[in-house]
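J.: Below is the file protein-v2.txt, which contains compact mmCIF, C-alpha atoms and all ligand atoms.
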# COMPACT_ATOMS: atom_id res chain seq x y z
CA MET R 1 143.15 126.96 96.89
CA ALA R 2 140.76 124.58 95.16
CA ASP R 3 141.51 124.33 91.44
CA LEU R 4 138.64 122.93 89.37
CA ASN R 5 140.75 123.04 86.19
CA ALA R 6 143.28 120.80 87.91
CA LEU R 7 140.39 118.50 88.86
CA ALA R 8 139.23 118.37 85.23
CA THR R 9 142.80 117.61 84.16
CA ALA R 10 143.07 114.82 86.75
CA ILE R 11 139.93 113.25 85.24
CA ILE R 12 141.25 113.58 81.68
CA ASN R 13 144.56 112.00 82.68
CA GLY R 14 142.86 109.29 84.72
CA LYS R 15 144.59 110.20 87.99
CA ALA R 16 142.13 108.69 90.47
CA PRO R 17 143.91 109.63 93.74
CA ASP R 18 144.40 113.23 92.52
CA ALA R 19 140.75 113.49 91.44
CA ARG R 20 139.59 112.30 94.84
CA ALA R 21 142.01 114.54 96.77
CA LEU R 22 141.13 117.65 94.70
CA THR R 23 137.42 116.96 95.23
CA GLU R 24 137.94 116.61 98.99
CA GLN R 25 140.00 119.82 99.02
CA ALA R 26 137.36 121.77 97.07
CA LEU R 27 134.62 120.55 99.42
CA SER R 28 136.65 121.42 102.51
CA GLU R 29 137.20 124.93 101.12
CA GLY R 30 133.46 125.39 100.67
CA VAL R 31 133.25 125.20 96.86
CA ALA R 32 129.64 124.46 95.84
CA PRO R 33 129.19 120.73 95.07
CA GLY R 34 127.39 121.61 91.81
CA ASP R 35 130.43 123.65 90.69
CA ILE R 36 132.78 120.78 91.54
CA LEU R 37 130.57 118.47 89.49
CA ASN R 38 130.09 120.75 86.49
CA GLN R 39 133.35 122.71 86.30
CA GLY R 40 135.57 119.83 87.44
CA LEU R 41 134.23 116.34 86.76
CA VAL R 42 131.78 116.99 83.92
CA ALA R 43 134.22 119.39 82.23
CA GLY R 44 136.91 116.70 82.37
CA MET R 45 134.62 113.94 81.09
CA ASN R 46 133.44 116.22 78.26
CA VAL R 47 137.04 116.45 77.06
CA VAL R 48 137.41 112.67 77.41
CA GLY R 49 134.26 112.21 75.31
CA GLU R 50 135.53 114.55 72.60
CA LYS R 51 138.92 112.83 72.50
CA PHE R 52 137.20 109.43 72.27
CA LYS R 53 135.05 110.65 69.37
CA ASN R 54 138.14 112.04 67.60
CA ASN R 55 140.10 108.81 68.08
CA GLU R 56 142.63 110.56 70.30
CA PHE R 57 141.54 108.34 73.22
CA TYR R 58 140.65 104.65 73.06
CA VAL R 59 138.68 102.40 75.43
CA PRO R 60 141.52 101.96 78.01
CA GLU R 61 141.99 105.73 78.43
CA VAL R 62 138.25 106.21 78.79
CA LEU R 63 138.03 103.43 81.39
CA ILE R 64 140.89 104.97 83.37
CA ALA R 65 139.27 108.43 83.23
CA ALA R 66 135.96 106.89 84.26
CA ARG R 67 137.66 105.22 87.23
CA ALA R 68 139.05 108.61 88.31
CA MET R 69 135.58 110.09 88.04
CA LYS R 70 134.13 107.21 90.05
CA ASN R 71 136.66 107.90 92.81
CA ALA R 72 135.78 111.58 92.93
CA MET R 73 132.05 110.81 92.78
CA GLU R 74 132.33 108.58 95.85
CA VAL R 75 133.25 111.71 97.79
CA LEU R 76 130.89 114.08 95.99
CA ARG R 77 127.74 111.96 95.57
CA PRO R 78 126.61 112.02 99.24
CA VAL R 79 127.12 115.81 99.40
CA LEU R 80 125.23 116.33 96.15
CA ALA R 81 122.37 114.27 97.52
CA GLU R 82 122.27 116.40 100.70
CA THR R 83 122.32 119.68 98.83
CA GLY R 84 119.62 118.54 96.43
CA VAL R 85 121.50 119.33 93.18
CA GLU R 86 119.12 118.09 90.51
CA PRO R 87 120.48 115.58 87.97
CA VAL R 88 120.00 116.30 84.23
CA ALA R 89 117.68 113.28 84.23
CA ARG R 90 117.48 109.75 85.65
CA VAL R 91 118.61 106.96 83.37
CA ALA R 92 117.78 103.29 83.96
CA ILE R 93 120.51 101.43 82.11
CA GLY R 94 121.14 97.73 81.63
CA THR R 95 122.33 95.01 79.32
CA VAL R 96 119.23 93.27 78.07
CA ARG R 97 117.85 89.83 78.93
CA GLY R 98 120.18 86.95 78.10
CA ASP R 99 123.23 89.15 77.58
CA LEU R 100 126.15 89.29 80.01
CA HIS R 101 128.40 91.80 78.23
CA ASP R 102 128.80 94.87 80.42
CA ILE R 103 132.03 96.67 79.51
CA GLY R 104 130.38 98.95 76.94
CA LYS R 105 127.29 99.43 79.10
CA ASN R 106 129.49 100.46 82.04
CA LEU R 107 131.36 102.93 79.84
CA VAL R 108 128.09 104.47 78.68
CA ALA R 109 126.86 104.65 82.30
CA MET R 110 130.04 106.35 83.48
CA MET R 111 130.04 108.87 80.66
CA LEU R 112 126.38 109.67 81.37
CA GLU R 113 127.13 110.08 85.06
CA GLY R 114 130.04 112.33 84.11
CA ALA R 115 127.58 114.45 82.14
CA GLY R 116 125.36 114.94 85.20
CA PHE R 117 122.77 112.18 84.69
CA GLU R 118 121.69 110.07 87.66
CA ILE R 119 122.35 106.43 86.84
CA ILE R 120 120.20 103.51 87.92
CA ASP R 121 122.40 100.64 86.82
CA LEU R 122 120.34 97.47 86.59
CA GLY R 123 123.33 95.34 85.59
CA VAL R 124 123.30 92.55 83.01
CA ASP R 125 120.68 90.05 81.86
CA VAL R 126 117.98 92.60 82.71
CA LYS R 127 114.47 91.40 81.97
CA PRO R 128 111.90 93.74 80.39
CA GLU R 129 109.85 93.77 83.60
CA GLN R 130 112.91 94.95 85.56
CA PHE R 131 113.18 98.01 83.30
CA VAL R 132 109.45 98.61 83.79
CA GLU R 133 109.89 98.37 87.56
CA ALA R 134 112.80 100.85 87.48
CA VAL R 135 110.73 103.38 85.54
CA GLN R 136 107.84 102.96 87.97
CA SER R 137 109.74 102.97 91.25
CA LYS R 138 112.69 105.23 90.44
CA ASN R 139 110.99 107.63 88.01
CA ALA R 140 113.59 107.05 85.32
CA GLU R 141 113.09 109.41 82.38
CA VAL R 142 115.44 107.55 80.03
CA VAL R 143 115.74 103.80 79.52
CA ALA R 144 119.11 102.84 78.05
CA LEU R 145 119.46 99.35 76.60
CA SER R 146 122.71 97.67 75.62
CA ALA R 147 123.08 94.43 73.65
CA LEU R 148 126.22 92.78 72.25
CA LEU R 149 124.67 89.65 70.78
CA THR R 150 122.49 89.43 67.71
CA THR R 151 120.49 86.83 69.63
CA THR R 152 119.68 89.25 72.47
CA MET R 153 118.73 92.25 70.33
CA PRO R 154 115.05 91.13 70.24
CA ALA R 155 114.96 91.66 74.03
CA MET R 156 115.23 95.39 73.23
CA LYS R 157 111.97 95.19 71.31
CA ASP R 158 110.43 93.13 74.14
CA THR R 159 111.48 95.81 76.65
CA ILE R 160 109.80 98.52 74.58
CA SER R 161 106.67 96.34 74.34
CA ALA R 162 106.70 95.82 78.12
CA LEU R 163 106.90 99.59 78.66
CA GLU R 164 103.96 99.98 76.26
CA SER R 165 101.91 97.31 78.06
CA ALA R 166 102.59 98.99 81.40
CA GLY R 167 101.32 102.30 79.97
CA LEU R 168 104.73 103.91 80.47
CA ARG R 169 106.02 104.26 76.93
CA SER R 170 105.11 107.93 76.55
CA ASN R 171 106.77 108.78 79.89
CA VAL R 172 110.25 107.65 78.89
CA ALA R 173 112.78 108.01 76.10
CA VAL R 174 114.32 104.70 75.06
CA MET R 175 117.83 104.68 73.66
CA ILE R 176 119.72 101.63 72.47
CA GLY R 177 123.27 100.70 71.55
CA GLY R 178 125.88 97.97 71.39
CA ALA R 179 128.13 96.59 68.66
CA PRO R 180 125.46 94.80 66.54
CA VAL R 181 122.83 97.55 66.97
CA THR R 182 122.15 100.13 64.26
CA GLN R 183 120.03 103.20 63.70
CA SER R 184 117.82 101.22 61.33
CA TYR R 185 117.23 98.61 64.05
CA ALA R 186 116.30 101.42 66.44
CA ASP R 187 113.81 102.71 63.87
CA GLU R 188 112.46 99.21 63.27
CA ILE R 189 111.69 98.53 66.94
CA GLY R 190 110.46 102.03 67.76
CA ALA R 191 113.34 103.16 70.00
CA ASP R 192 113.72 106.92 70.35
CA GLY R 193 117.45 106.98 69.79
CA TYR R 194 120.59 105.04 68.96
CA ALA R 195 124.21 105.85 69.71
CA PRO R 196 127.25 104.03 68.31
CA ASP R 197 129.57 104.76 71.25
CA ALA R 198 129.68 106.09 74.79
CA ALA R 199 130.45 109.71 73.92
CA SER R 200 127.64 109.88 71.35
CA ALA R 201 125.36 108.24 73.92
CA VAL R 202 125.75 111.35 76.10
CA ASP R 203 124.82 113.64 73.19
CA LYS R 204 121.85 111.43 72.32
CA ALA R 205 120.60 111.26 75.93
CA LYS R 206 120.77 115.06 76.21
CA GLU R 207 118.90 115.41 72.92
CA LEU R 208 116.21 112.95 74.03
CA VAL R 209 115.72 114.65 77.38
CA ARG R 210 115.31 118.01 75.64
CA ILE R 211 112.72 116.46 73.35
CA ALA R 212 110.95 114.78 76.26
CA ALA R 213 110.93 117.99 78.35
CO1 LIG R 301 131.35 87.90 73.93
N1 LIG R 301 130.81 88.04 72.07
N2 LIG R 301 130.29 86.25 74.13
N3 LIG R 301 132.09 87.83 75.71
N4 LIG R 301 132.53 89.27 73.40
C1 LIG R 301 131.22 89.22 71.34
C2 LIG R 301 130.21 90.34 71.46
C3 LIG R 301 131.36 88.65 69.86
C4 LIG R 301 131.20 89.70 68.77
C5 LIG R 301 132.69 87.87 69.73
C6 LIG R 301 132.87 87.24 68.36
O1 LIG R 301 132.32 86.23 68.07
N5 LIG R 301 133.67 87.84 67.51
C7 LIG R 301 130.23 87.55 69.85
C8 LIG R 301 128.85 88.03 69.41
C9 LIG R 301 128.47 87.56 68.04
C10 LIG R 301 127.14 88.12 67.68
O2 LIG R 301 126.16 87.88 68.30
N6 LIG R 301 127.14 88.91 66.63
C11 LIG R 301 130.26 87.09 71.30
C12 LIG R 301 129.76 85.85 71.76
C13 LIG R 301 129.26 84.90 70.68
C14 LIG R 301 129.74 85.48 73.11
C15 LIG R 301 129.24 84.17 73.72
C16 LIG R 301 127.94 83.61 73.13
C17 LIG R 301 130.39 83.18 73.59
C18 LIG R 301 130.06 81.77 74.05
O3 LIG R 301 129.89 81.55 75.22
N7 LIG R 301 129.95 80.89 73.09
C19 LIG R 301 129.09 84.54 75.22
C20 LIG R 301 127.68 85.08 75.52
C21 LIG R 301 127.46 85.28 76.98
C22 LIG R 301 126.19 86.06 77.21
O4 LIG R 301 126.20 87.27 77.12
N8 LIG R 301 125.09 85.36 77.45
C23 LIG R 301 130.10 85.64 75.35
C24 LIG R 301 130.77 85.92 76.53
C25 LIG R 301 131.73 86.91 76.68
C26 LIG R 301 132.53 87.12 77.95
C27 LIG R 301 131.75 86.87 79.24
C28 LIG R 301 133.71 86.16 77.90
C29 LIG R 301 133.06 88.59 77.76
C30 LIG R 301 132.15 89.66 78.39
C31 LIG R 301 132.75 90.22 79.66
C32 LIG R 301 131.99 91.42 80.12
O5 LIG R 301 131.40 92.17 79.38
N9 LIG R 301 132.03 91.59 81.43
C33 LIG R 301 132.97 88.75 76.23
C34 LIG R 301 133.66 89.74 75.50
C35 LIG R 301 134.65 90.59 76.28
C36 LIG R 301 133.44 89.95 74.12
C37 LIG R 301 134.19 90.89 73.16
C38 LIG R 301 135.56 90.25 72.93
C39 LIG R 301 134.39 92.32 73.60
C40 LIG R 301 133.11 93.07 73.97
C41 LIG R 301 133.52 94.39 74.63
O6 LIG R 301 133.53 94.50 75.84
N10 LIG R 301 133.93 95.36 73.80
C42 LIG R 301 133.26 90.85 71.87
C43 LIG R 301 134.04 90.90 70.56
C44 LIG R 301 134.37 92.31 70.17
O7 LIG R 301 133.55 93.21 70.29
N11 LIG R 301 135.56 92.47 69.67
C45 LIG R 301 132.39 89.68 72.13
C46 LIG R 301 134.45 96.66 74.29
C47 LIG R 301 133.27 97.59 74.57
C48 LIG R 301 133.81 98.94 75.07
O8 LIG R 301 132.59 97.82 73.38
O9 LIG R 301 130.54 96.62 74.21
O10 LIG R 301 130.72 97.38 71.78
P1 LIG R 301 131.01 97.60 73.20
O11 LIG R 301 130.41 99.00 73.66
C49 LIG R 301 130.62 100.18 72.93
C50 LIG R 301 129.53 100.44 71.87
O12 LIG R 301 128.95 99.27 71.36
C51 LIG R 301 128.57 101.37 72.55
O13 LIG R 301 129.40 102.12 73.43
C52 LIG R 301 130.46 101.30 73.93
C53 LIG R 301 131.67 102.17 74.11
O14 LIG R 301 131.99 102.86 72.94
N12 LIG R 301 127.46 100.86 73.37
C54 LIG R 301 126.37 101.64 73.54
C55 LIG R 301 127.32 99.74 74.09
N13 LIG R 301 126.16 99.75 74.71
C56 LIG R 301 125.54 100.91 74.41
C57 LIG R 301 124.31 101.45 74.80
C58 LIG R 301 123.94 102.70 74.31
C59 LIG R 301 124.76 103.40 73.43
C60 LIG R 301 125.99 102.89 73.05
O15 LIG R 301 122.78 103.31 74.61
C61 LIG R 301 121.99 102.75 75.60
Now, as a test, write the supplied structure out as structure tokens.

T.:
Amino acid sequence: MADLNALATAIINGKAPDARALTEQALSEGVAPGDILNQGLVAGMNVVGEKFKNNEFYVPEVLIAARAMKNAMEVLRPVLAETGVEPVARVAIGTVRGDLHDIGKNLVAMMLEGAGFEIIDLGVDVKPEQFVEAVQSKNAEVVALSALLTTTMPAMKDTISALESAGLRSNVAVMIGGAPVTQSYADEIGADGYAPDAASAVDKAKELVRIAA
């Protein structure tokens, strides 16, 4: 019989083949896709996030757990789309213009997906107008900007300005992060939120969506 606790445990322990097989089993036994997502995958990633915050897990463990979740999501995503399970919100995420660092951005994206957000991953070196386009065409409710270089941080401000110029600023919550980024920088450029790591990024995104709702 399908065991969603075992699925959560497979995610926590980063067992990608087990996570995929347990997801397939649950689906074949008729478990609701939303339950598989929330009671299996999201529950597992929540534990991973807590452990990461408490320094019980480090980046490699989180990446391995995220890979397991990705495997399970490959099976689950098409079924979720068919059954119309609504995401928490749509997040357009990218590493800003001029910046090619994507390890942290990918971690944030995977943790957000694990928490039930729909991810529109724009990749690296994302120009302000690409974020604007994603908000317009994909109805993203959150714009998530990552920067690892002090020289690319100003592109965060430029992205916010581009959203303002396009008349979209009040439609979206903008959150920022990355090693050189701080809360005071977020305040300075008018971002709605800052998170220091991937687990806190999930908390911040949930908080921003509640505020925006
Ligand atoms: Co680069 N690099 N790099 N690099 N690199 C740094 C960032 C640097 C600090 C190294 C150093 O000098 N000590 C330095 C920046 C200095 C500065 O500006 N202050 C630097 C430099 C200078 C450069 C180049 C300019 C080097 C050169 O060519 N001369 C060049 C720039 C290229 C470019 O982007 N245009 C460059 C290139 C590269 C590689 C391509 C070789 C590679 C990137 C590979 C890749 O990402 N695919 C690379 C790497 C790996 C690093 C280091 C070693 C590691 C970065 C990383 O992945 N950390 C880094 C030094 C370091 O940090 N020790 C360095 C792990 C990752 C999980 O953490 O990305 O911080 P992080 O993400 C965290 C949080 O910051 C947060 O959550 C994540 C998980 O907890 N977070 C968010 C991130 N985004 C968030 C968004 C959010 C919320 C939280 O909301 C939206």

J.: For the atom pair atom O1 of ligand LIG 301 (chain R) and atom CA of R:Lys157, what is the interatomic distance in Å to one decimal place?

T.: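 Between atom O1 of ligand LIG 301 (chain R) and atom CA of R:Lys157 the gap is 22.5 Å.
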
J.: As number ranges by chain, please: the residues near R:Glu118 (cut-off 12 Å, all atoms listed in the file, same-chain neighbours under 5 positions excluded).

T.: R: 73, 77, 80-81, 85-93, 109-113, 138-143, 205

J.: Skipping near chain neighbours, those fewer than 3 positions away, what residues fall within 6 Å of R:Gly44 using only C-alpha atoms, listed as number ranges by chain?

T.: R: 8, 11-12, 41, 47

J.: Counting only C-alpha atoms and all ligand atoms, what residues are within 8 Å of ligand LIG 301 (chain R), given as a VMD selection string?

T.: chain R and resid 59 93 to 95 98 to 105 107 to 108 125 143 to 152 174 to 181 194 to 201

J.: Work out how far apart atom CA of R:Ala6 and atom CA of R:Val202 are and give it in Å to one decimal.

T.: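 Separation between atom CA of R:Ala6 and atom CA of R:Val202: 23.2 Å.
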